[in-house]
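Trainee: Below is the file upload19.txt, with compact mmCIF, C-alpha atoms and all ligand atoms.
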```txt
# COMPACT_ATOMS: atom_id res chain seq x y z
CA MET A 1 0.00 0.00 0.00
CA GLU A 2 1.38 3.41 -0.99
CA ILE A 3 1.80 5.83 1.94
CA ASN A 4 1.78 9.56 1.33
CA ALA A 5 5.26 10.49 2.58
CA VAL A 6 4.65 14.18 3.25
CA GLU A 7 1.37 13.51 5.09
CA PHE A 8 2.86 10.65 7.13
CA ASP A 9 5.90 12.75 7.99
CA ARG A 10 3.73 15.62 9.24
CA MET A 11 1.96 13.17 11.58
CA ALA A 12 5.27 11.68 12.67
CA ARG A 13 6.60 15.15 13.56
CA GLU A 14 3.44 16.59 15.08
CA ILE A 15 1.93 13.55 16.80
CA PHE A 16 4.29 10.55 17.06
CA ALA A 17 7.56 12.41 17.73
CA PRO A 18 7.75 11.74 21.51
CA VAL A 19 7.41 7.97 20.95
CA TYR A 20 10.72 7.43 19.09
CA PRO A 21 13.22 8.28 21.88
CA VAL A 22 11.19 6.21 24.36
CA LEU A 23 11.16 3.21 21.99
CA ALA A 24 14.87 3.64 21.29
CA GLU A 25 15.66 3.39 25.04
CA GLN A 26 13.39 0.35 25.38
CA ILE A 27 15.02 -1.39 22.38
CA ILE A 28 18.53 -0.86 23.75
CA ASN A 29 17.52 -1.97 27.24
CA ARG A 30 15.84 -5.10 25.92
CA THR A 31 18.45 -6.16 23.36
CA GLY A 32 21.61 -4.86 25.03
CA ILE A 33 23.01 -4.11 21.55
CA ASN A 34 24.57 -0.67 21.22
CA ARG A 35 27.33 -1.13 18.65
CA GLY A 36 27.73 -2.64 15.20
CA CYS A 37 25.34 -2.16 12.31
CA CYS A 38 21.63 -1.48 12.79
CA LEU A 39 18.97 -1.68 10.09
CA ASP A 40 15.76 0.38 10.49
CA ILE A 41 13.32 -1.40 8.15
CA GLY A 42 10.57 0.76 6.66
CA CYS A 43 12.26 3.74 8.30
CA GLY A 44 9.98 6.45 6.91
CA GLY A 45 11.56 9.77 7.92
CA GLY A 46 14.10 7.81 9.99
CA TYR A 47 13.00 9.00 13.42
CA LEU A 48 13.50 5.68 15.23
CA GLY A 49 16.88 5.01 13.61
CA LEU A 50 18.07 8.53 14.41
CA ALA A 51 16.84 8.22 18.01
CA LEU A 52 18.87 4.99 18.30
CA ALA A 53 21.95 6.58 16.73
CA ARG A 54 21.80 9.46 19.24
CA ILE A 55 22.06 7.16 22.29
CA THR A 56 24.46 4.49 20.95
CA ASP A 57 27.55 3.96 18.81
CA LEU A 58 25.53 2.03 16.23
CA ASN A 59 26.11 2.56 12.53
CA MET A 60 22.63 3.00 11.16
CA ILE A 61 21.09 2.03 7.83
CA LEU A 62 17.73 3.71 7.27
CA PHE A 63 16.01 1.35 4.83
CA ASP A 64 12.79 1.99 2.92
CA GLU A 65 11.26 1.22 -0.47
CA SER A 66 9.97 4.77 -0.91
CA ASP A 67 12.14 7.43 -2.60
CA ASP A 68 10.02 10.15 -1.00
CA MET A 69 10.53 8.76 2.52
CA LEU A 70 14.28 8.38 1.92
CA GLU A 71 14.53 11.97 0.69
CA LEU A 72 12.94 13.12 3.95
CA ALA A 73 15.21 10.80 5.95
CA ASN A 74 18.30 12.20 4.19
CA GLY A 75 17.22 15.71 5.19
CA TYR A 76 16.81 14.67 8.83
CA ILE A 77 20.19 12.90 8.80
CA ARG A 78 21.82 16.17 7.64
CA GLU A 79 19.96 18.13 10.34
CA SER A 80 21.10 15.65 13.00
CA GLY A 81 24.78 16.00 12.12
CA LEU A 82 25.10 12.19 12.27
CA GLN A 83 26.03 11.69 8.57
CA SER A 84 29.17 9.75 9.47
CA ARG A 85 27.14 6.97 11.13
CA VAL A 86 23.69 7.15 9.52
CA LYS A 87 23.02 6.32 5.85
CA THR A 88 19.95 5.51 3.78
CA LEU A 89 19.38 2.45 1.61
CA LYS A 90 16.57 1.89 -0.85
CA GLY A 91 14.96 -1.52 -1.13
CA ASP A 92 12.18 -3.92 -0.35
CA VAL A 93 12.09 -5.95 2.88
CA HIS A 94 11.16 -9.01 0.79
CA SER A 95 14.61 -8.91 -0.82
CA ILE A 96 17.00 -6.96 1.41
CA PRO A 97 20.09 -5.84 -0.57
CA LEU A 98 22.55 -6.81 2.19
CA ASP A 99 24.87 -9.77 2.81
CA ASP A 100 23.94 -12.73 5.02
CA GLU A 101 24.68 -12.20 8.73
CA SER A 102 25.71 -8.55 8.25
CA ILE A 103 23.45 -6.85 10.82
CA GLN A 104 23.74 -6.72 14.63
CA LEU A 105 20.35 -5.11 15.33
CA ALA A 106 17.26 -4.79 13.10
CA VAL A 107 14.33 -2.61 14.11
CA SER A 108 11.08 -1.86 12.41
CA ARG A 109 8.17 0.21 13.68
CA GLY A 110 4.81 0.52 11.97
CA SER A 111 5.99 -1.06 8.71
CA MET A 112 5.22 -4.80 8.82
CA PHE A 113 1.49 -4.14 8.51
CA PHE A 114 2.20 -2.99 4.94
CA TRP A 115 4.33 -5.98 3.87
CA ASN A 116 2.74 -8.22 1.20
CA ASP A 117 4.40 -11.46 2.28
CA ARG A 118 5.50 -11.45 5.91
CA VAL A 119 6.88 -15.02 5.69
CA LYS A 120 9.33 -13.89 3.02
CA ALA A 121 10.09 -10.68 4.93
CA PHE A 122 10.78 -12.51 8.22
CA ALA A 123 13.04 -14.99 6.38
CA GLU A 124 14.97 -12.09 4.83
CA ILE A 125 15.39 -10.32 8.17
CA TYR A 126 16.60 -13.59 9.72
CA ARG A 127 19.08 -14.05 6.85
CA VAL A 128 20.77 -10.67 7.36
CA LEU A 129 21.02 -11.03 11.16
CA ALA A 130 24.45 -12.03 12.41
CA VAL A 131 24.80 -14.72 15.08
CA ASN A 132 23.90 -13.28 18.53
CA SER A 133 21.92 -10.48 16.90
CA VAL A 134 18.37 -9.37 17.49
CA ALA A 135 15.46 -7.95 15.50
CA MET A 136 12.56 -6.03 17.06
CA ILE A 137 9.67 -5.66 14.66
CA GLY A 138 6.23 -4.32 15.39
CA GLY A 139 4.25 -1.32 16.39
CA GLY A 140 3.99 0.49 19.64
CA PHE A 141 3.76 3.74 21.53
CA GLY A 142 6.31 3.27 24.31
CA ASN A 143 4.04 3.69 27.32
CA VAL A 144 0.39 4.13 28.26
CA GLU A 145 0.64 7.92 28.78
CA LEU A 146 2.01 8.43 25.27
CA LEU A 147 -0.57 6.06 23.82
CA LYS A 148 -3.42 8.03 25.45
CA GLU A 149 -1.98 11.34 24.24
CA ILE A 150 -1.63 10.07 20.67
CA GLU A 151 -4.97 8.28 20.72
CA ALA A 152 -6.77 11.54 21.59
CA LYS A 153 -5.06 13.38 18.71
CA MET A 154 -5.54 10.54 16.20
CA LEU A 155 -9.24 10.09 17.02
CA GLU A 156 -9.81 13.73 16.10
CA ILE A 157 -8.31 13.04 12.67
CA ASP A 158 -9.67 9.51 12.15
CA PRO A 159 -12.58 8.21 14.28
CA GLU A 160 -11.76 4.64 13.16
CA TRP A 161 -8.15 4.80 14.34
CA ASN A 162 -8.68 2.46 17.31
CA GLU A 163 -10.43 -0.14 15.19
CA LYS A 164 -7.61 -0.04 12.60
CA ARG A 165 -5.06 -0.42 15.39
CA ARG A 166 -6.92 -3.45 16.77
CA GLN A 167 -6.88 -5.08 13.34
CA ARG A 168 -3.09 -4.71 13.14
CA ILE A 169 -1.96 -5.55 16.65
CA GLY A 170 -5.06 -7.04 18.29
CA LYS A 171 -5.00 -10.35 20.19
CA ASN A 172 -6.16 -12.44 17.21
CA LYS A 173 -3.09 -11.34 15.18
CA VAL A 174 -0.55 -13.04 17.44
CA GLU A 175 -1.35 -16.53 16.14
CA ASP A 176 -0.97 -15.34 12.53
CA TYR A 177 2.44 -13.82 13.27
CA ARG A 178 3.49 -16.99 15.09
CA LYS A 179 2.58 -19.16 12.07
CA GLU A 180 4.37 -16.80 9.68
CA LEU A 181 7.55 -16.86 11.80
CA GLU A 182 7.51 -20.67 11.91
CA GLN A 183 6.99 -20.83 8.13
CA ALA A 184 9.90 -18.43 7.67
CA GLY A 185 12.14 -20.88 9.56
CA VAL A 186 12.70 -18.50 12.48
CA SER A 187 13.39 -20.78 15.42
CA SER A 188 13.97 -18.35 18.28
CA TYR A 189 11.45 -15.59 18.78
CA GLU A 190 9.01 -14.13 21.26
CA ILE A 191 5.97 -11.97 20.74
CA ILE A 192 5.30 -9.32 23.34
CA GLN A 193 1.89 -7.79 23.44
CA ASP A 194 0.55 -5.28 25.94
CA GLU A 195 -1.76 -2.28 25.82
CA THR A 196 0.99 -0.14 24.26
CA GLY A 197 1.70 -2.35 21.26
CA LEU A 198 2.98 -5.57 19.78
CA TRP A 199 6.61 -6.50 19.18
CA ILE A 200 8.14 -9.56 17.59
CA ILE A 201 11.63 -10.20 18.92
CA ILE A 202 13.80 -12.48 16.81
CA ARG A 203 17.10 -13.72 18.19
CA ARG A 204 19.62 -15.34 15.89
CA ILE A 205 21.38 -17.82 18.10
CA ALA A 206 23.35 -19.81 15.53
C1 LIG A 301 3.80 3.79 8.69
S1 LIG A 301 5.36 4.08 7.99
C2 LIG A 301 6.40 3.94 9.43
C3 LIG A 301 7.65 4.73 9.28
C4 LIG A 301 8.62 4.69 10.48
N1 LIG A 301 9.07 3.35 10.78
C5 LIG A 301 8.01 5.33 11.70
O1 LIG A 301 7.68 4.62 12.66
O2 LIG A 301 7.89 6.57 11.70
C6 LIG A 301 5.71 2.58 7.12
C7 LIG A 301 6.97 2.62 6.26
O3 LIG A 301 7.25 1.31 5.76
C8 LIG A 301 7.71 1.44 4.42
N2 LIG A 301 7.47 0.15 3.75
C9 LIG A 301 6.27 -0.44 3.51
N3 LIG A 301 6.45 -1.61 2.84
C10 LIG A 301 7.79 -1.77 2.69
C11 LIG A 301 8.60 -2.77 2.06
N4 LIG A 301 8.05 -3.83 1.49
N5 LIG A 301 9.94 -2.63 2.08
C12 LIG A 301 10.51 -1.53 2.66
N6 LIG A 301 9.80 -0.53 3.23
C13 LIG A 301 8.46 -0.65 3.25
C14 LIG A 301 6.88 2.59 3.87
O4 LIG A 301 7.45 3.15 2.69
C15 LIG A 301 6.85 3.54 5.05
O5 LIG A 301 7.93 4.42 5.02
```
Could you spell out this file's structure in structure tokens?
Mentor:
Amino acid sequence: MEINAVEFDRMAREIFAPVYPVLAEQIINRTGINRGCCLDIGCGGGYLGLALARITDLNMILFDESDDMLELANGYIRESGLQSRVKTLKGDVHSIPLDDESIQLAVSRGSMFFWNDRVKAFAEIYRVLAVNSVAMIGGGFGNVELLKEIEAKMLEIDPEWNEKRRQRIGKNKVEDYRKELEQAGVSSYEIIQDETGLWIIIRRIA
């Protein structure tokens, strides 16, 4: 599904902005990975990847299939002054243009709901993860306070926002994701679901 980059970016800046630094802290605390190469899949304007780069020594690849999103991300990289460690890469998650086992941390927020074939996408993410590396893929708002704040703003724009959110990360989706991960040959994963979101954590053990 095509996303309007300028419209999405306005929402990211005006509504979702406080979520990214909170998620970045949570990702680092949970994975313990703060160096090496990190891939932000479906990065959009690159807010999560940039938030991670600010608090770690990670080299960041902001990866998206959309030229418009990557143009925005390149602008935000320049503004951040982190050009030496943060780059963009164009491509499709179903065929990631990176070598096997080349990534120490993969993150993806709000993108997997748009992927056509999640089995293929999960297999690709698993392929690029190095041994002892972790991927965190999903959607979430960091904490309940932020969720409530964002919910109030989003419901003004789209009265069906909560229903759409339930369809993406509701309880009945967990079984689907579990089946897709198994089909992709991912042997070590957990799915965390609470009121703030849903995250799939893939660990490449060997
Ligand atoms: C809702 S936006 C989320 C952007 C960003 N992760 C954030 O949280 O602000 C979803 C992003 O996923 C990207 N995307 C969707 N399908 C993709 C695919 N198959 N491969 C790579 N990127 C994809 C879109 O272009 C878009 O930038």
Trainee: Listing only residues of chain A within 6 Å of ligand LIG 301 (chain A), what is the closest atom pair and its distance in Å (to one decimal) for each, using only C-alpha atoms and all ligand atoms, sorted by chain and residue number ascending, as a tab-separated table?
Mentor:
```
residue	atom	partner	partner_atom	distance
A:Ala12	CA	A:LIG301	O2	5.8
A:Gly42	CA	A:LIG301	O3	3.5
A:Cys43	CA	A:LIG301	N1	4.1
A:Gly44	CA	A:LIG301	O5	3.4
A:Tyr47	CA	A:LIG301	O2	5.9
A:Asp64	CA	A:LIG301	N6	3.9
A:Glu65	CA	A:LIG301	C12	4.2
A:Ser66	CA	A:LIG301	O4	4.7
A:Met69	CA	A:LIG301	O5	5.6
A:Gly91	CA	A:LIG301	C12	5.8
A:Asp92	CA	A:LIG301	N5	3.5
A:Val93	CA	A:LIG301	N5	4.0
A:Ser108	CA	A:LIG301	N1	5.8
A:Arg109	CA	A:LIG301	N1	4.4
A:Gly110	CA	A:LIG301	C2	4.5
A:Ser111	CA	A:LIG301	C6	4.0
A:Phe114	CA	A:LIG301	N3	4.9
A:Trp115	CA	A:LIG301	N4	4.9
```
Trainee: Show me as a list in words the residues that reach within 8 Å of (21.7, -16.6, 14.4), counting all atoms listed in the file and using the file's own coordinates.
Mentor: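 Those residues, ordered by chain and then number, are Glu101, Tyr126, Leu129, Ala130, Val131, Asn132, Ser133, Arg203, Arg204, Ile205 and Ala206 of chain A.
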Trainee: Report as a ChimeraX atom specification all protein, DNA and RNA residues lying within 10 Å of Ala51 of chain A, evaluated on all atoms listed in the file, omitting residues in the same chain fewer than 5 positions from it.
Mentor: /A:19-25,46,56,80
Trainee: How many Å lie between atom CA of Glu14 of chain A and atom CA of Ala106 of chain A, rounded to one decimal?
Mentor: 25.5 Å
Trainee: Rounded to one decimal in Å, what is the spacing between atom CA of Asn143 of chain A and atom CA of Glu175 of chain A?
Mentor: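 For atom CA of Asn143 of chain A relative to atom CA of Glu175 of chain A, the distance reads 23.7 Å.
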Trainee: Please return as a VMD selection string every residue within 12 Å of (20.5, -6.9, 10.2), taking into account all atoms listed in the file and the file's own coordinates.
Mentor: chain A and resid 33 36 to 41 58 to 63 93 96 to 108 122 to 137 202 to 204
Trainee: Pick the closest to Arg168 of chain A from A:Ala17, A:Ile28, A:Met112, A:Ile77: which is it, counting only C-alpha atoms?
Mentor: A:Met112
Trainee: How many Å separate atom CA of Ile192 of chain A from atom CA of Gln26 of chain A?
Mentor: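 Going from atom CA of Ile192 of chain A over to atom CA of Gln26 of chain A covers 12.8 Å.
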Trainee: List as an NGL selection string the protein and nucleic acid residues near segment 165-167 of chain A, meaning an atom at most 12 Å away when only C-alpha atoms are counted, but skip any in the same chain fewer than 5 places from it.
Mentor: :A and (110 or 113 or 138-141 or 147 or 151 or 154-155 or 158-160 or 172-174 or 176 or 193-198)
Trainee: Which is closest to Glu71 of chain A among A:Val6, A:Pro18, A:Ser188, A:Arg13, if we use all atoms listed in the file?
Mentor: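 Closest residue, counting all atoms listed in the file: A:Val6.
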Trainee: Kindly indicate which residue among A:Asn116, A:Ser84, A:Asn34, A:Asn29 lies nearest to Glu2 of chain A, using only C-alpha atoms for the distances.
Mentor: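 Smallest separation from Glu2 of chain A among the options: A:Asn116.
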Trainee: Could segment 54-73 of chain A be completed with N, CA and C atoms and returned as a PDB file, in the frame of the given file?
Mentor:
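And here is the file that came out, rebuild.pdb:
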```
ATOM      1  N   ARG A  54      21.448   8.419  18.265  1.00  0.00           N
ATOM      2  CA  ARG A  54      21.800   9.460  19.240  1.00  0.00           C
ATOM      3  C   ARG A  54      22.253   8.874  20.574  1.00  0.00           C
ATOM      4  N   ILE A  55      21.740   7.686  20.943  1.00  0.00           N
ATOM      5  CA  ILE A  55      22.060   7.160  22.290  1.00  0.00           C
ATOM      6  C   ILE A  55      23.007   5.962  22.259  1.00  0.00           C
ATOM      7  N   THR A  56      23.562   5.649  21.067  1.00  0.00           N
ATOM      8  CA  THR A  56      24.460   4.490  20.950  1.00  0.00           C
ATOM      9  C   THR A  56      25.631   4.836  20.037  1.00  0.00           C
ATOM     10  N   ASP A  57      26.481   3.823  19.811  1.00  0.00           N
ATOM     11  CA  ASP A  57      27.550   3.960  18.810  1.00  0.00           C
ATOM     12  C   ASP A  57      27.181   3.217  17.541  1.00  0.00           C
ATOM     13  N   LEU A  58      25.931   2.832  17.390  1.00  0.00           N
ATOM     14  CA  LEU A  58      25.530   2.030  16.230  1.00  0.00           C
ATOM     15  C   LEU A  58      25.744   2.788  14.914  1.00  0.00           C
ATOM     16  N   ASN A  59      26.154   2.043  13.895  1.00  0.00           N
ATOM     17  CA  ASN A  59      26.110   2.560  12.530  1.00  0.00           C
ATOM     18  C   ASN A  59      24.736   2.196  11.997  1.00  0.00           C
ATOM     19  N   MET A  60      24.040   3.182  11.453  1.00  0.00           N
ATOM     20  CA  MET A  60      22.630   3.000  11.160  1.00  0.00           C
ATOM     21  C   MET A  60      22.373   2.998   9.660  1.00  0.00           C
ATOM     22  N   ILE A  61      21.572   2.010   9.213  1.00  0.00           N
ATOM     23  CA  ILE A  61      21.090   2.030   7.830  1.00  0.00           C
ATOM     24  C   ILE A  61      19.586   2.271   7.887  1.00  0.00           C
ATOM     25  N   LEU A  62      19.161   3.401   7.344  1.00  0.00           N
ATOM     26  CA  LEU A  62      17.730   3.710   7.270  1.00  0.00           C
ATOM     27  C   LEU A  62      17.225   3.167   5.940  1.00  0.00           C
ATOM     28  N   PHE A  63      16.369   2.153   6.002  1.00  0.00           N
ATOM     29  CA  PHE A  63      16.010   1.350   4.830  1.00  0.00           C
ATOM     30  C   PHE A  63      14.521   1.504   4.530  1.00  0.00           C
ATOM     31  N   ASP A  64      14.207   1.833   3.289  1.00  0.00           N
ATOM     32  CA  ASP A  64      12.790   1.990   2.920  1.00  0.00           C
ATOM     33  C   ASP A  64      12.676   1.797   1.403  1.00  0.00           C
ATOM     34  N   GLU A  65      11.461   1.416   0.972  1.00  0.00           N
ATOM     35  CA  GLU A  65      11.260   1.220  -0.470  1.00  0.00           C
ATOM     36  C   GLU A  65      10.828   2.532  -1.151  1.00  0.00           C
ATOM     37  N   SER A  66      10.531   3.539  -0.353  1.00  0.00           N
ATOM     38  CA  SER A  66       9.970   4.770  -0.910  1.00  0.00           C
ATOM     39  C   SER A  66      11.039   5.852  -1.084  1.00  0.00           C
ATOM     40  N   ASP A  67      11.190   6.335  -2.338  1.00  0.00           N
ATOM     41  CA  ASP A  67      12.140   7.430  -2.600  1.00  0.00           C
ATOM     42  C   ASP A  67      11.770   8.672  -1.786  1.00  0.00           C
ATOM     43  N   ASP A  68      10.464   8.937  -1.713  1.00  0.00           N
ATOM     44  CA  ASP A  68      10.020  10.150  -1.000  1.00  0.00           C
ATOM     45  C   ASP A  68      10.391  10.086   0.480  1.00  0.00           C
ATOM     46  N   MET A  69      10.183   8.904   1.092  1.00  0.00           N
ATOM     47  CA  MET A  69      10.530   8.760   2.520  1.00  0.00           C
ATOM     48  C   MET A  69      12.045   8.923   2.694  1.00  0.00           C
ATOM     49  N   LEU A  70      12.814   8.322   1.776  1.00  0.00           N
ATOM     50  CA  LEU A  70      14.280   8.380   1.920  1.00  0.00           C
ATOM     51  C   LEU A  70      14.803   9.802   1.725  1.00  0.00           C
ATOM     52  N   GLU A  71      14.128  10.558   0.869  1.00  0.00           N
ATOM     53  CA  GLU A  71      14.530  11.970   0.690  1.00  0.00           C
ATOM     54  C   GLU A  71      14.329  12.727   2.013  1.00  0.00           C
ATOM     55  N   LEU A  72      13.184  12.485   2.650  1.00  0.00           N
ATOM     56  CA  LEU A  72      12.940  13.120   3.950  1.00  0.00           C
ATOM     57  C   LEU A  72      13.987  12.658   4.965  1.00  0.00           C
ATOM     58  N   ALA A  73      14.236  11.343   4.985  1.00  0.00           N
ATOM     59  CA  ALA A  73      15.210  10.800   5.950  1.00  0.00           C
ATOM     60  C   ALA A  73      16.585  11.424   5.731  1.00  0.00           C
TER      61      ALA A  73
END
```
